[in-house]
Each structure stands twice: as structure tokens, then as C-alpha cells.
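final-v8.cif follows; it contains mmCIF, N, CA and C atoms.
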```cif
data_upload
loop_
_atom_site.group_PDB
_atom_site.id
_atom_site.type_symbol
_atom_site.label_atom_id
_atom_site.label_comp_id
_atom_site.auth_asym_id
_atom_site.auth_seq_id
_atom_site.Cartn_x
_atom_site.Cartn_y
_atom_site.Cartn_z
ATOM 1 N N MET A 1 -67.669 -99.151 122.966
ATOM 2 C CA MET A 1 -68.439 -100.316 122.574
ATOM 3 C C MET A 1 -67.527 -101.530 122.401
ATOM 4 N N ALA A 2 -66.335 -101.300 121.865
ATOM 5 C CA ALA A 2 -65.414 -102.417 121.639
ATOM 6 C C ALA A 2 -64.995 -103.061 122.958
ATOM 7 N N VAL A 3 -64.771 -102.254 123.985
ATOM 8 C CA VAL A 3 -64.392 -102.808 125.284
ATOM 9 C C VAL A 3 -65.585 -103.551 125.892
ATOM 10 N N ASN A 4 -66.757 -102.936 125.841
ATOM 11 C CA ASN A 4 -67.957 -103.569 126.406
ATOM 12 C C ASN A 4 -68.302 -104.882 125.716
ATOM 13 N N SER A 5 -67.986 -104.994 124.431
ATOM 14 C CA SER A 5 -68.317 -106.215 123.689
ATOM 15 C C SER A 5 -67.128 -107.178 123.601
ATOM 16 N N ASP A 6 -66.077 -106.912 124.386
ATOM 17 C CA ASP A 6 -64.881 -107.764 124.445
ATOM 18 C C ASP A 6 -64.109 -107.848 123.130
ATOM 19 N N ARG A 7 -64.281 -106.871 122.247
ATOM 20 C CA ARG A 7 -63.463 -106.812 121.035
ATOM 21 C C ARG A 7 -62.181 -106.044 121.283
ATOM 22 N N ALA A 8 -62.103 -105.351 122.435
ATOM 23 C CA ALA A 8 -60.892 -104.635 122.837
ATOM 24 C C ALA A 8 -60.717 -104.826 124.336
ATOM 25 N N ASP A 9 -59.482 -104.841 124.777
ATOM 26 C CA ASP A 9 -59.192 -105.032 126.203
ATOM 27 C C ASP A 9 -59.060 -103.721 126.958
ATOM 28 N N ALA A 10 -58.812 -102.636 126.227
ATOM 29 C CA ALA A 10 -58.575 -101.362 126.902
ATOM 30 C C ALA A 10 -58.951 -100.214 125.976
ATOM 31 N N PHE A 11 -59.107 -99.026 126.587
ATOM 32 C CA PHE A 11 -59.430 -97.810 125.850
ATOM 33 C C PHE A 11 -58.722 -96.657 126.554
ATOM 34 N N CYS A 12 -58.041 -95.825 125.797
ATOM 35 C CA CYS A 12 -57.297 -94.700 126.344
ATOM 36 C C CYS A 12 -57.993 -93.403 125.945
ATOM 37 N N SER A 13 -58.221 -92.542 126.923
ATOM 38 C CA SER A 13 -58.872 -91.264 126.638
ATOM 39 C C SER A 13 -58.679 -90.327 127.826
ATOM 40 N N ASP A 14 -59.252 -89.168 127.739
ATOM 41 C CA ASP A 14 -59.282 -88.186 128.805
ATOM 42 C C ASP A 14 -59.954 -88.818 130.028
ATOM 43 N N ASP A 15 -59.451 -88.523 131.226
ATOM 44 C CA ASP A 15 -60.003 -89.176 132.415
ATOM 45 C C ASP A 15 -61.481 -88.884 132.626
ATOM 46 N N ALA A 16 -61.933 -87.674 132.331
ATOM 47 C CA ALA A 16 -63.355 -87.359 132.499
ATOM 48 C C ALA A 16 -64.209 -88.240 131.593
ATOM 49 N N ILE A 17 -63.744 -88.474 130.387
ATOM 50 C CA ILE A 17 -64.475 -89.343 129.465
ATOM 51 C C ILE A 17 -64.470 -90.779 129.972
ATOM 52 N N LEU A 18 -63.319 -91.252 130.445
ATOM 53 C CA LEU A 18 -63.226 -92.628 130.942
ATOM 54 C C LEU A 18 -64.157 -92.854 132.132
ATOM 55 N N TYR A 19 -64.150 -91.946 133.095
ATOM 56 C CA TYR A 19 -65.008 -92.118 134.260
ATOM 57 C C TYR A 19 -66.483 -92.031 133.876
ATOM 58 N N THR A 20 -66.805 -91.192 132.909
ATOM 59 C CA THR A 20 -68.188 -91.094 132.450
ATOM 60 C C THR A 20 -68.612 -92.377 131.748
ATOM 61 N N LEU A 21 -67.747 -92.921 130.901
ATOM 62 C CA LEU A 21 -68.068 -94.180 130.225
ATOM 63 C C LEU A 21 -68.258 -95.309 131.237
ATOM 64 N N ARG A 22 -67.530 -95.227 132.330
ATOM 65 C CA ARG A 22 -67.644 -96.252 133.363
ATOM 66 C C ARG A 22 -69.008 -96.235 134.040
ATOM 67 N N GLN A 23 -69.766 -95.183 133.876
ATOM 68 C CA GLN A 23 -71.106 -95.089 134.460
ATOM 69 C C GLN A 23 -72.132 -95.910 133.676
ATOM 70 N N LYS A 24 -71.757 -96.329 132.502
ATOM 71 C CA LYS A 24 -72.674 -97.080 131.632
ATOM 72 C C LYS A 24 -72.952 -98.456 132.219
ATOM 73 N N PRO A 25 -73.776 -99.267 131.581
ATOM 74 C CA PRO A 25 -74.226 -100.552 132.134
ATOM 75 C C PRO A 25 -73.125 -101.505 132.629
ATOM 76 N N ALA A 26 -71.971 -101.527 132.019
ATOM 77 C CA ALA A 26 -70.924 -102.485 132.406
ATOM 78 C C ALA A 26 -70.022 -101.942 133.506
ATOM 79 N N ARG A 27 -70.548 -101.061 134.338
ATOM 80 C CA ARG A 27 -69.754 -100.373 135.364
ATOM 81 C C ARG A 27 -68.893 -101.322 136.190
ATOM 82 N N ASP A 28 -69.431 -102.442 136.608
ATOM 83 C CA ASP A 28 -68.688 -103.347 137.482
ATOM 84 C C ASP A 28 -67.571 -104.081 136.753
ATOM 85 N N ARG A 29 -67.559 -104.024 135.426
ATOM 86 C CA ARG A 29 -66.517 -104.699 134.641
ATOM 87 C C ARG A 29 -65.377 -103.771 134.253
ATOM 88 N N LEU A 30 -65.545 -102.468 134.421
ATOM 89 C CA LEU A 30 -64.557 -101.496 133.940
ATOM 90 C C LEU A 30 -63.858 -100.794 135.098
ATOM 91 N N GLU A 31 -62.599 -100.458 134.871
ATOM 92 C CA GLU A 31 -61.821 -99.759 135.878
ATOM 93 C C GLU A 31 -60.881 -98.777 135.180
ATOM 94 N N VAL A 32 -60.765 -97.583 135.733
ATOM 95 C CA VAL A 32 -59.814 -96.598 135.222
ATOM 96 C C VAL A 32 -58.513 -96.843 135.975
ATOM 97 N N VAL A 33 -57.434 -97.138 135.240
ATOM 98 C CA VAL A 33 -56.167 -97.510 135.867
ATOM 99 C C VAL A 33 -55.005 -96.720 135.273
ATOM 100 N N GLY A 34 -53.888 -96.757 135.959
ATOM 101 C CA GLY A 34 -52.657 -96.158 135.453
ATOM 102 C C GLY A 34 -52.582 -94.671 135.678
ATOM 103 N N ARG A 35 -51.421 -94.167 135.404
ATOM 104 C CA ARG A 35 -51.200 -92.726 135.552
ATOM 105 C C ARG A 35 -51.702 -92.012 134.299
ATOM 106 N N PRO A 36 -52.075 -90.748 134.435
ATOM 107 C CA PRO A 36 -52.476 -89.989 133.245
ATOM 108 C C PRO A 36 -51.319 -89.907 132.248
ATOM 109 N N LEU A 37 -51.620 -90.039 130.984
ATOM 110 C CA LEU A 37 -50.586 -89.977 129.952
ATOM 111 C C LEU A 37 -50.324 -88.549 129.499
ATOM 112 N N SER A 38 -51.279 -87.676 129.755
ATOM 113 C CA SER A 38 -51.105 -86.270 129.394
ATOM 114 C C SER A 38 -52.096 -85.440 130.193
ATOM 115 N N PHE A 39 -51.921 -84.144 130.141
ATOM 116 C CA PHE A 39 -52.882 -83.219 130.735
ATOM 117 C C PHE A 39 -53.474 -82.427 129.587
ATOM 118 N N GLU A 40 -54.774 -82.493 129.439
ATOM 119 C CA GLU A 40 -55.442 -81.813 128.334
ATOM 120 C C GLU A 40 -56.266 -80.644 128.861
ATOM 121 N N PRO A 41 -55.794 -79.437 128.650
ATOM 122 C CA PRO A 41 -56.590 -78.284 129.090
ATOM 123 C C PRO A 41 -57.826 -78.120 128.199
ATOM 124 N N TYR A 42 -58.881 -77.635 128.793
ATOM 125 C CA TYR A 42 -60.104 -77.367 128.038
ATOM 126 C C TYR A 42 -60.197 -75.879 127.774
ATOM 127 N N GLY A 43 -60.953 -75.526 126.785
ATOM 128 C CA GLY A 43 -61.119 -74.124 126.446
ATOM 129 C C GLY A 43 -62.585 -73.785 126.261
ATOM 130 N N LEU A 44 -62.857 -72.511 126.177
ATOM 131 C CA LEU A 44 -64.199 -72.017 125.918
ATOM 132 C C LEU A 44 -64.203 -71.316 124.571
ATOM 133 N N MET A 45 -65.252 -71.519 123.824
ATOM 134 C CA MET A 45 -65.370 -70.838 122.543
ATOM 135 C C MET A 45 -66.469 -69.783 122.659
ATOM 136 N N MET A 46 -66.203 -68.625 122.066
ATOM 137 C CA MET A 46 -67.199 -67.553 122.076
ATOM 138 C C MET A 46 -67.084 -66.751 120.783
ATOM 139 N N ARG A 47 -68.086 -65.929 120.551
ATOM 140 C CA ARG A 47 -68.086 -65.107 119.333
ATOM 141 C C ARG A 47 -66.882 -64.172 119.305
ATOM 142 N N ARG A 48 -66.393 -63.918 118.103
ATOM 143 C CA ARG A 48 -65.341 -62.909 117.935
ATOM 144 C C ARG A 48 -65.927 -61.529 118.175
ATOM 145 N N ASP A 49 -65.068 -60.625 118.505
ATOM 146 C CA ASP A 49 -65.449 -59.216 118.618
ATOM 147 C C ASP A 49 -66.574 -58.967 119.617
ATOM 148 N N ASP A 50 -66.597 -59.710 120.705
ATOM 149 C CA ASP A 50 -67.555 -59.454 121.780
ATOM 150 C C ASP A 50 -66.756 -59.277 123.065
ATOM 151 N N SER A 51 -66.033 -58.161 123.111
ATOM 152 C CA SER A 51 -65.115 -57.938 124.223
ATOM 153 C C SER A 51 -65.833 -57.823 125.562
ATOM 154 N N ALA A 52 -67.051 -57.327 125.577
ATOM 155 C CA ALA A 52 -67.783 -57.209 126.840
ATOM 156 C C ALA A 52 -68.090 -58.596 127.413
ATOM 157 N N PHE A 53 -68.508 -59.507 126.549
ATOM 158 C CA PHE A 53 -68.797 -60.869 127.002
ATOM 159 C C PHE A 53 -67.520 -61.568 127.435
ATOM 160 N N ARG A 54 -66.463 -61.412 126.656
ATOM 161 C CA ARG A 54 -65.180 -62.023 127.008
ATOM 162 C C ARG A 54 -64.694 -61.526 128.370
ATOM 163 N N LEU A 55 -64.818 -60.221 128.616
ATOM 164 C CA LEU A 55 -64.412 -59.648 129.893
ATOM 165 C C LEU A 55 -65.253 -60.224 131.039
ATOM 166 N N ALA A 56 -66.554 -60.360 130.830
ATOM 167 C CA ALA A 56 -67.434 -60.923 131.862
ATOM 168 C C ALA A 56 -67.032 -62.364 132.182
ATOM 169 N N VAL A 57 -66.737 -63.160 131.154
ATOM 170 C CA VAL A 57 -66.319 -64.544 131.349
ATOM 171 C C VAL A 57 -64.988 -64.587 132.093
ATOM 172 N N ASN A 58 -64.024 -63.801 131.653
ATOM 173 C CA ASN A 58 -62.703 -63.802 132.292
ATOM 174 C C ASN A 58 -62.780 -63.364 133.759
ATOM 175 N N LYS A 59 -63.597 -62.336 134.053
ATOM 176 C CA LYS A 59 -63.743 -61.881 135.437
ATOM 177 C C LYS A 59 -64.385 -62.965 136.297
ATOM 178 N N THR A 60 -65.400 -63.614 135.759
ATOM 179 C CA THR A 60 -66.079 -64.674 136.512
ATOM 180 C C THR A 60 -65.139 -65.836 136.793
ATOM 181 N N LEU A 61 -64.400 -66.265 135.769
ATOM 182 C CA LEU A 61 -63.448 -67.362 135.963
ATOM 183 C C LEU A 61 -62.372 -66.978 136.962
ATOM 184 N N ALA A 62 -61.850 -65.764 136.851
ATOM 185 C CA ALA A 62 -60.805 -65.312 137.777
ATOM 186 C C ALA A 62 -61.315 -65.338 139.213
ATOM 187 N N GLU A 63 -62.541 -64.895 139.432
ATOM 188 C CA GLU A 63 -63.099 -64.895 140.781
ATOM 189 C C GLU A 63 -63.317 -66.318 141.297
ATOM 190 N N LEU A 64 -63.774 -67.215 140.429
ATOM 191 C CA LEU A 64 -63.954 -68.617 140.834
ATOM 192 C C LEU A 64 -62.624 -69.233 141.266
ATOM 193 N N PHE A 65 -61.562 -68.941 140.524
ATOM 194 C CA PHE A 65 -60.246 -69.480 140.870
ATOM 195 C C PHE A 65 -59.702 -68.833 142.149
ATOM 196 N N ARG A 66 -59.790 -67.497 142.246
ATOM 197 C CA ARG A 66 -59.241 -66.800 143.421
ATOM 198 C C ARG A 66 -59.958 -67.186 144.704
ATOM 199 N N SER A 67 -61.272 -67.326 144.637
ATOM 200 C CA SER A 67 -62.058 -67.621 145.843
ATOM 201 C C SER A 67 -61.963 -69.091 146.255
ATOM 202 N N GLY A 68 -61.512 -69.935 145.337
ATOM 203 C CA GLY A 68 -61.469 -71.370 145.622
ATOM 204 C C GLY A 68 -62.791 -72.063 145.330
ATOM 205 N N GLU A 69 -63.787 -71.298 144.908
ATOM 206 C CA GLU A 69 -65.106 -71.879 144.612
ATOM 207 C C GLU A 69 -65.046 -72.885 143.464
ATOM 208 N N ILE A 70 -64.025 -72.779 142.626
ATOM 209 C CA ILE A 70 -63.877 -73.701 141.504
ATOM 210 C C ILE A 70 -63.781 -75.142 142.003
ATOM 211 N N THR A 71 -63.148 -75.338 143.169
ATOM 212 C CA THR A 71 -63.019 -76.687 143.738
ATOM 213 C C THR A 71 -64.389 -77.236 144.133
ATOM 214 N N SER A 72 -65.225 -76.397 144.736
ATOM 215 C CA SER A 72 -66.587 -76.818 145.099
ATOM 216 C C SER A 72 -67.391 -77.173 143.863
ATOM 217 N N LEU A 73 -67.250 -76.365 142.826
ATOM 218 C CA LEU A 73 -67.964 -76.649 141.581
ATOM 219 C C LEU A 73 -67.478 -77.949 140.954
ATOM 220 N N TYR A 74 -66.168 -78.185 141.018
ATOM 221 C CA TYR A 74 -65.619 -79.430 140.490
ATOM 222 C C TYR A 74 -66.263 -80.618 141.199
ATOM 223 N N HIS A 75 -66.274 -80.568 142.532
ATOM 224 C CA HIS A 75 -66.849 -81.674 143.297
ATOM 225 C C HIS A 75 -68.344 -81.835 143.003
ATOM 226 N N LYS A 76 -69.049 -80.716 142.873
ATOM 227 C CA LYS A 76 -70.492 -80.780 142.600
ATOM 228 C C LYS A 76 -70.780 -81.532 141.304
ATOM 229 N N TRP A 77 -70.013 -81.262 140.260
ATOM 230 C CA TRP A 77 -70.322 -81.814 138.943
ATOM 231 C C TRP A 77 -69.568 -83.101 138.612
ATOM 232 N N PHE A 78 -68.411 -83.347 139.217
ATOM 233 C CA PHE A 78 -67.622 -84.513 138.819
ATOM 234 C C PHE A 78 -67.595 -85.645 139.847
ATOM 235 N N ASP A 79 -67.863 -85.347 141.113
ATOM 236 C CA ASP A 79 -67.885 -86.422 142.115
ATOM 237 C C ASP A 79 -68.928 -87.479 141.777
ATOM 238 N N GLN A 80 -70.049 -87.053 141.202
ATOM 239 C CA GLN A 80 -71.124 -87.996 140.870
ATOM 240 C C GLN A 80 -70.688 -89.057 139.859
ATOM 241 N N PHE A 81 -69.619 -88.774 139.120
ATOM 242 C CA PHE A 81 -69.102 -89.736 138.150
ATOM 243 C C PHE A 81 -67.866 -90.467 138.684
ATOM 244 N N GLY A 82 -67.486 -90.159 139.913
ATOM 245 C CA GLY A 82 -66.319 -90.806 140.501
ATOM 246 C C GLY A 82 -65.007 -90.287 139.950
ATOM 247 N N ILE A 83 -65.017 -89.068 139.411
ATOM 248 C CA ILE A 83 -63.803 -88.491 138.836
ATOM 249 C C ILE A 83 -63.036 -87.763 139.934
ATOM 250 N N PRO A 84 -61.921 -88.309 140.367
ATOM 251 C CA PRO A 84 -61.189 -87.689 141.474
ATOM 252 C C PRO A 84 -60.502 -86.388 141.054
ATOM 253 N N LEU A 85 -60.373 -85.491 142.015
ATOM 254 C CA LEU A 85 -59.626 -84.257 141.793
ATOM 255 C C LEU A 85 -58.164 -84.597 142.039
ATOM 256 N N SER A 86 -57.415 -84.800 140.959
ATOM 257 C CA SER A 86 -56.019 -85.207 141.092
ATOM 258 C C SER A 86 -55.172 -84.067 141.645
ATOM 259 N N GLU A 87 -54.032 -84.440 142.169
ATOM 260 C CA GLU A 87 -53.096 -83.456 142.713
ATOM 261 C C GLU A 87 -52.646 -82.489 141.612
ATOM 262 N N LYS A 88 -52.409 -83.025 140.415
ATOM 263 C CA LYS A 88 -51.982 -82.160 139.300
ATOM 264 C C LYS A 88 -53.070 -81.162 138.934
ATOM 265 N N LEU A 89 -54.315 -81.640 138.852
ATOM 266 C CA LEU A 89 -55.410 -80.734 138.494
ATOM 267 C C LEU A 89 -55.612 -79.690 139.577
ATOM 268 N N GLU A 90 -55.502 -80.092 140.830
ATOM 269 C CA GLU A 90 -55.643 -79.129 141.916
ATOM 270 C C GLU A 90 -54.560 -78.053 141.827
ATOM 271 N N THR A 91 -53.353 -78.442 141.460
ATOM 272 C CA THR A 91 -52.263 -77.483 141.281
ATOM 273 C C THR A 91 -52.579 -76.523 140.141
ATOM 274 N N VAL A 92 -53.120 -77.050 139.049
ATOM 275 C CA VAL A 92 -53.497 -76.204 137.913
ATOM 276 C C VAL A 92 -54.573 -75.211 138.340
ATOM 277 N N LEU A 93 -55.565 -75.667 139.087
ATOM 278 C CA LEU A 93 -56.625 -74.777 139.545
ATOM 279 C C LEU A 93 -56.063 -73.671 140.443
ATOM 280 N N GLN A 94 -55.134 -74.021 141.310
ATOM 281 C CA GLN A 94 -54.520 -73.013 142.190
ATOM 282 C C GLN A 94 -53.670 -72.040 141.378
ATOM 283 N N ALA A 95 -52.991 -72.530 140.370
ATOM 284 C CA ALA A 95 -52.157 -71.650 139.535
ATOM 285 C C ALA A 95 -53.009 -70.625 138.790
ATOM 286 N N GLN A 96 -54.222 -71.013 138.443
ATOM 287 C CA GLN A 96 -55.110 -70.081 137.733
ATOM 288 C C GLN A 96 -55.547 -68.925 138.618
ATOM 289 N N ALA A 97 -55.420 -69.087 139.931
ATOM 290 C CA ALA A 97 -55.816 -68.025 140.857
ATOM 291 C C ALA A 97 -54.762 -66.934 140.956
ATOM 292 N N VAL A 98 -53.561 -67.194 140.448
ATOM 293 C CA VAL A 98 -52.478 -66.204 140.508
ATOM 294 C C VAL A 98 -52.689 -65.186 139.392
ATOM 295 N N PRO A 99 -52.773 -63.887 139.742
ATOM 296 C CA PRO A 99 -52.938 -62.873 138.699
ATOM 297 C C PRO A 99 -51.810 -62.909 137.689
ATOM 298 N N GLN A 100 -52.155 -62.678 136.437
ATOM 299 C CA GLN A 100 -51.136 -62.716 135.373
ATOM 300 C C GLN A 100 -50.850 -61.348 134.841
#
```

Transcribe the structure of this file into C-alpha cells.
Amino acid sequence: MAVNSDRADAFCSDDAILYTLRQKPARDRLEVVGRPLSFEPYGLMMRRDDSAFRLAVNKTLAELFRSGEITSLYHKWFDQFGIPLSEKLETVLQAQAVPQ
């Protein structure tokens, strides 16, 4: 709000948040610029002591990474907001496909 109302000149945040905010009414006035200042991994939260569910989630994620389908899903959900798949993020996605 501060940037949109000219009380601030800039706002620093996660790139997904910045690109999403850029979809708001002042889209033509805002631009995401500069190099990323950090890489923030996301996590999933689930109930404790539910090993069957955790295993199902881990297997599904592993298959998405190994098959490369994760890239298609990324484009499906983030291209609409203009969020580019950076080289660093693509490397992270490929690294997740390596068995640990």
C-alpha cells in the first residue's frame, strides 16, 4: 500500500509475492528489478505422527521432481503472474530429483 500510495519508493520481498502484488491495479507503475537477495525455501506442514501421510507426500514430491513434471506445474501456476523460472530455482528443482 505504501508503494501504491507513493509513501514508499520500493518494497523488498520474496519474488513470488512481488510478482503477485504487481498484478494489482497499479500494475503498469510497478516493476520487479534487481537480483534476488536470498533464496527462501518453502515447506509443508502436516500433522505429527502421521507417517503414512508423510510417506505419501514424500513419494509424490519425489516423483514430481524425478519426472520433471514439477516444471510443468510451476509454469501452470506461476506463469499467469509473470513469475519467471529463474536459473537458480531450476537448479534447485533438478537437485531435488537426485535420490538422497

Going by DSSP on the backbone, which residues of chain A come out as helix (DSSP H, G or I)? List them as an mmCIF file with N, CA and C atoms, in the coordinates of the input.
```cif
data_model
loop_
_atom_site.group_PDB
_atom_site.id
_atom_site.type_symbol
_atom_site.label_atom_id
_atom_site.label_comp_id
_atom_site.auth_asym_id
_atom_site.auth_seq_id
_atom_site.Cartn_x
_atom_site.Cartn_y
_atom_site.Cartn_z
ATOM 1 N N ASP A 15 -59.451 -88.523 131.226
ATOM 2 C CA ASP A 15 -60.003 -89.176 132.415
ATOM 3 C C ASP A 15 -61.481 -88.884 132.626
ATOM 4 N N ALA A 16 -61.933 -87.674 132.331
ATOM 5 C CA ALA A 16 -63.355 -87.359 132.499
ATOM 6 C C ALA A 16 -64.209 -88.240 131.593
ATOM 7 N N ILE A 17 -63.744 -88.474 130.387
ATOM 8 C CA ILE A 17 -64.475 -89.343 129.465
ATOM 9 C C ILE A 17 -64.470 -90.779 129.972
ATOM 10 N N LEU A 18 -63.319 -91.252 130.445
ATOM 11 C CA LEU A 18 -63.226 -92.628 130.942
ATOM 12 C C LEU A 18 -64.157 -92.854 132.132
ATOM 13 N N TYR A 19 -64.150 -91.946 133.095
ATOM 14 C CA TYR A 19 -65.008 -92.118 134.260
ATOM 15 C C TYR A 19 -66.483 -92.031 133.876
ATOM 16 N N THR A 20 -66.805 -91.192 132.909
ATOM 17 C CA THR A 20 -68.188 -91.094 132.450
ATOM 18 C C THR A 20 -68.612 -92.377 131.748
ATOM 19 N N LEU A 21 -67.747 -92.921 130.901
ATOM 20 C CA LEU A 21 -68.068 -94.180 130.225
ATOM 21 C C LEU A 21 -68.258 -95.309 131.237
ATOM 22 N N ARG A 27 -70.548 -101.061 134.338
ATOM 23 C CA ARG A 27 -69.754 -100.373 135.364
ATOM 24 C C ARG A 27 -68.893 -101.322 136.190
ATOM 25 N N ASP A 28 -69.431 -102.442 136.608
ATOM 26 C CA ASP A 28 -68.688 -103.347 137.482
ATOM 27 C C ASP A 28 -67.571 -104.081 136.753
ATOM 28 N N ARG A 29 -67.559 -104.024 135.426
ATOM 29 C CA ARG A 29 -66.517 -104.699 134.641
ATOM 30 C C ARG A 29 -65.377 -103.771 134.253
ATOM 31 N N SER A 51 -66.033 -58.161 123.111
ATOM 32 C CA SER A 51 -65.115 -57.938 124.223
ATOM 33 C C SER A 51 -65.833 -57.823 125.562
ATOM 34 N N ALA A 52 -67.051 -57.327 125.577
ATOM 35 C CA ALA A 52 -67.783 -57.209 126.840
ATOM 36 C C ALA A 52 -68.090 -58.596 127.413
ATOM 37 N N PHE A 53 -68.508 -59.507 126.549
ATOM 38 C CA PHE A 53 -68.797 -60.869 127.002
ATOM 39 C C PHE A 53 -67.520 -61.568 127.435
ATOM 40 N N ARG A 54 -66.463 -61.412 126.656
ATOM 41 C CA ARG A 54 -65.180 -62.023 127.008
ATOM 42 C C ARG A 54 -64.694 -61.526 128.370
ATOM 43 N N LEU A 55 -64.818 -60.221 128.616
ATOM 44 C CA LEU A 55 -64.412 -59.648 129.893
ATOM 45 C C LEU A 55 -65.253 -60.224 131.039
ATOM 46 N N ALA A 56 -66.554 -60.360 130.830
ATOM 47 C CA ALA A 56 -67.434 -60.923 131.862
ATOM 48 C C ALA A 56 -67.032 -62.364 132.182
ATOM 49 N N VAL A 57 -66.737 -63.160 131.154
ATOM 50 C CA VAL A 57 -66.319 -64.544 131.349
ATOM 51 C C VAL A 57 -64.988 -64.587 132.093
ATOM 52 N N ASN A 58 -64.024 -63.801 131.653
ATOM 53 C CA ASN A 58 -62.703 -63.802 132.292
ATOM 54 C C ASN A 58 -62.780 -63.364 133.759
ATOM 55 N N LYS A 59 -63.597 -62.336 134.053
ATOM 56 C CA LYS A 59 -63.743 -61.881 135.437
ATOM 57 C C LYS A 59 -64.385 -62.965 136.297
ATOM 58 N N THR A 60 -65.400 -63.614 135.759
ATOM 59 C CA THR A 60 -66.079 -64.674 136.512
ATOM 60 C C THR A 60 -65.139 -65.836 136.793
ATOM 61 N N LEU A 61 -64.400 -66.265 135.769
ATOM 62 C CA LEU A 61 -63.448 -67.362 135.963
ATOM 63 C C LEU A 61 -62.372 -66.978 136.962
ATOM 64 N N ALA A 62 -61.850 -65.764 136.851
ATOM 65 C CA ALA A 62 -60.805 -65.312 137.777
ATOM 66 C C ALA A 62 -61.315 -65.338 139.213
ATOM 67 N N GLU A 63 -62.541 -64.895 139.432
ATOM 68 C CA GLU A 63 -63.099 -64.895 140.781
ATOM 69 C C GLU A 63 -63.317 -66.318 141.297
ATOM 70 N N LEU A 64 -63.774 -67.215 140.429
ATOM 71 C CA LEU A 64 -63.954 -68.617 140.834
ATOM 72 C C LEU A 64 -62.624 -69.233 141.266
ATOM 73 N N PHE A 65 -61.562 -68.941 140.524
ATOM 74 C CA PHE A 65 -60.246 -69.480 140.870
ATOM 75 C C PHE A 65 -59.702 -68.833 142.149
ATOM 76 N N ARG A 66 -59.790 -67.497 142.246
ATOM 77 C CA ARG A 66 -59.241 -66.800 143.421
ATOM 78 C C ARG A 66 -59.958 -67.186 144.704
ATOM 79 N N SER A 67 -61.272 -67.326 144.637
ATOM 80 C CA SER A 67 -62.058 -67.621 145.843
ATOM 81 C C SER A 67 -61.963 -69.091 146.255
ATOM 82 N N GLU A 69 -63.787 -71.298 144.908
ATOM 83 C CA GLU A 69 -65.106 -71.879 144.612
ATOM 84 C C GLU A 69 -65.046 -72.885 143.464
ATOM 85 N N ILE A 70 -64.025 -72.779 142.626
ATOM 86 C CA ILE A 70 -63.877 -73.701 141.504
ATOM 87 C C ILE A 70 -63.781 -75.142 142.003
ATOM 88 N N THR A 71 -63.148 -75.338 143.169
ATOM 89 C CA THR A 71 -63.019 -76.687 143.738
ATOM 90 C C THR A 71 -64.389 -77.236 144.133
ATOM 91 N N SER A 72 -65.225 -76.397 144.736
ATOM 92 C CA SER A 72 -66.587 -76.818 145.099
ATOM 93 C C SER A 72 -67.391 -77.173 143.863
ATOM 94 N N LEU A 73 -67.250 -76.365 142.826
ATOM 95 C CA LEU A 73 -67.964 -76.649 141.581
ATOM 96 C C LEU A 73 -67.478 -77.949 140.954
ATOM 97 N N TYR A 74 -66.168 -78.185 141.018
ATOM 98 C CA TYR A 74 -65.619 -79.430 140.490
ATOM 99 C C TYR A 74 -66.263 -80.618 141.199
ATOM 100 N N HIS A 75 -66.274 -80.568 142.532
ATOM 101 C CA HIS A 75 -66.849 -81.674 143.297
ATOM 102 C C HIS A 75 -68.344 -81.835 143.003
ATOM 103 N N LYS A 76 -69.049 -80.716 142.873
ATOM 104 C CA LYS A 76 -70.492 -80.780 142.600
ATOM 105 C C LYS A 76 -70.780 -81.532 141.304
ATOM 106 N N TRP A 77 -70.013 -81.262 140.260
ATOM 107 C CA TRP A 77 -70.322 -81.814 138.943
ATOM 108 C C TRP A 77 -69.568 -83.101 138.612
ATOM 109 N N PHE A 78 -68.411 -83.347 139.217
ATOM 110 C CA PHE A 78 -67.622 -84.513 138.819
ATOM 111 C C PHE A 78 -67.595 -85.645 139.847
ATOM 112 N N ASP A 79 -67.863 -85.347 141.113
ATOM 113 C CA ASP A 79 -67.885 -86.422 142.115
ATOM 114 C C ASP A 79 -68.928 -87.479 141.777
ATOM 115 N N GLN A 80 -70.049 -87.053 141.202
ATOM 116 C CA GLN A 80 -71.124 -87.996 140.870
ATOM 117 C C GLN A 80 -70.688 -89.057 139.859
ATOM 118 N N PHE A 81 -69.619 -88.774 139.120
ATOM 119 C CA PHE A 81 -69.102 -89.736 138.150
ATOM 120 C C PHE A 81 -67.866 -90.467 138.684
ATOM 121 N N GLU A 87 -54.032 -84.440 142.169
ATOM 122 C CA GLU A 87 -53.096 -83.456 142.713
ATOM 123 C C GLU A 87 -52.646 -82.489 141.612
ATOM 124 N N LYS A 88 -52.409 -83.025 140.415
ATOM 125 C CA LYS A 88 -51.982 -82.160 139.300
ATOM 126 C C LYS A 88 -53.070 -81.162 138.934
ATOM 127 N N LEU A 89 -54.315 -81.640 138.852
ATOM 128 C CA LEU A 89 -55.410 -80.734 138.494
ATOM 129 C C LEU A 89 -55.612 -79.690 139.577
ATOM 130 N N GLU A 90 -55.502 -80.092 140.830
ATOM 131 C CA GLU A 90 -55.643 -79.129 141.916
ATOM 132 C C GLU A 90 -54.560 -78.053 141.827
ATOM 133 N N THR A 91 -53.353 -78.442 141.460
ATOM 134 C CA THR A 91 -52.263 -77.483 141.281
ATOM 135 C C THR A 91 -52.579 -76.523 140.141
ATOM 136 N N VAL A 92 -53.120 -77.050 139.049
ATOM 137 C CA VAL A 92 -53.497 -76.204 137.913
ATOM 138 C C VAL A 92 -54.573 -75.211 138.340
ATOM 139 N N LEU A 93 -55.565 -75.667 139.087
ATOM 140 C CA LEU A 93 -56.625 -74.777 139.545
ATOM 141 C C LEU A 93 -56.063 -73.671 140.443
ATOM 142 N N GLN A 94 -55.134 -74.021 141.310
ATOM 143 C CA GLN A 94 -54.520 -73.013 142.190
ATOM 144 C C GLN A 94 -53.670 -72.040 141.378
ATOM 145 N N ALA A 95 -52.991 -72.530 140.370
ATOM 146 C CA ALA A 95 -52.157 -71.650 139.535
ATOM 147 C C ALA A 95 -53.009 -70.625 138.790
ATOM 148 N N GLN A 96 -54.222 -71.013 138.443
ATOM 149 C CA GLN A 96 -55.110 -70.081 137.733
ATOM 150 C C GLN A 96 -55.547 -68.925 138.618
#
```

Once the PyMOL selection byres ((chain A and resi 65) around 8) is applied to the coordinates I shared, what remains selected? I want it as a ChimeraX atom specification.
/A:59-64,66-71,93-98

Leaving out Ile83 of chain A and any residue of its chain fewer than 6 positions from it, which residues lie within 10 Å of it when counting only C-alpha atoms, given as a PyMOL selection string?
chain A and resi 15-20+32+74-75+77

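Of note, atom N of Gly82 of chain A and atom N of Pro36 of chain A are spaced 16.4 Å apart.
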
How far is it from atom CA of Phe81 of chain A to atom CA of Phe11 of chain A, in Å with one decimal?
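Answer for the atom CA of Phe81 of chain A to atom CA of Phe11 of chain A separation: 17.6 Å.
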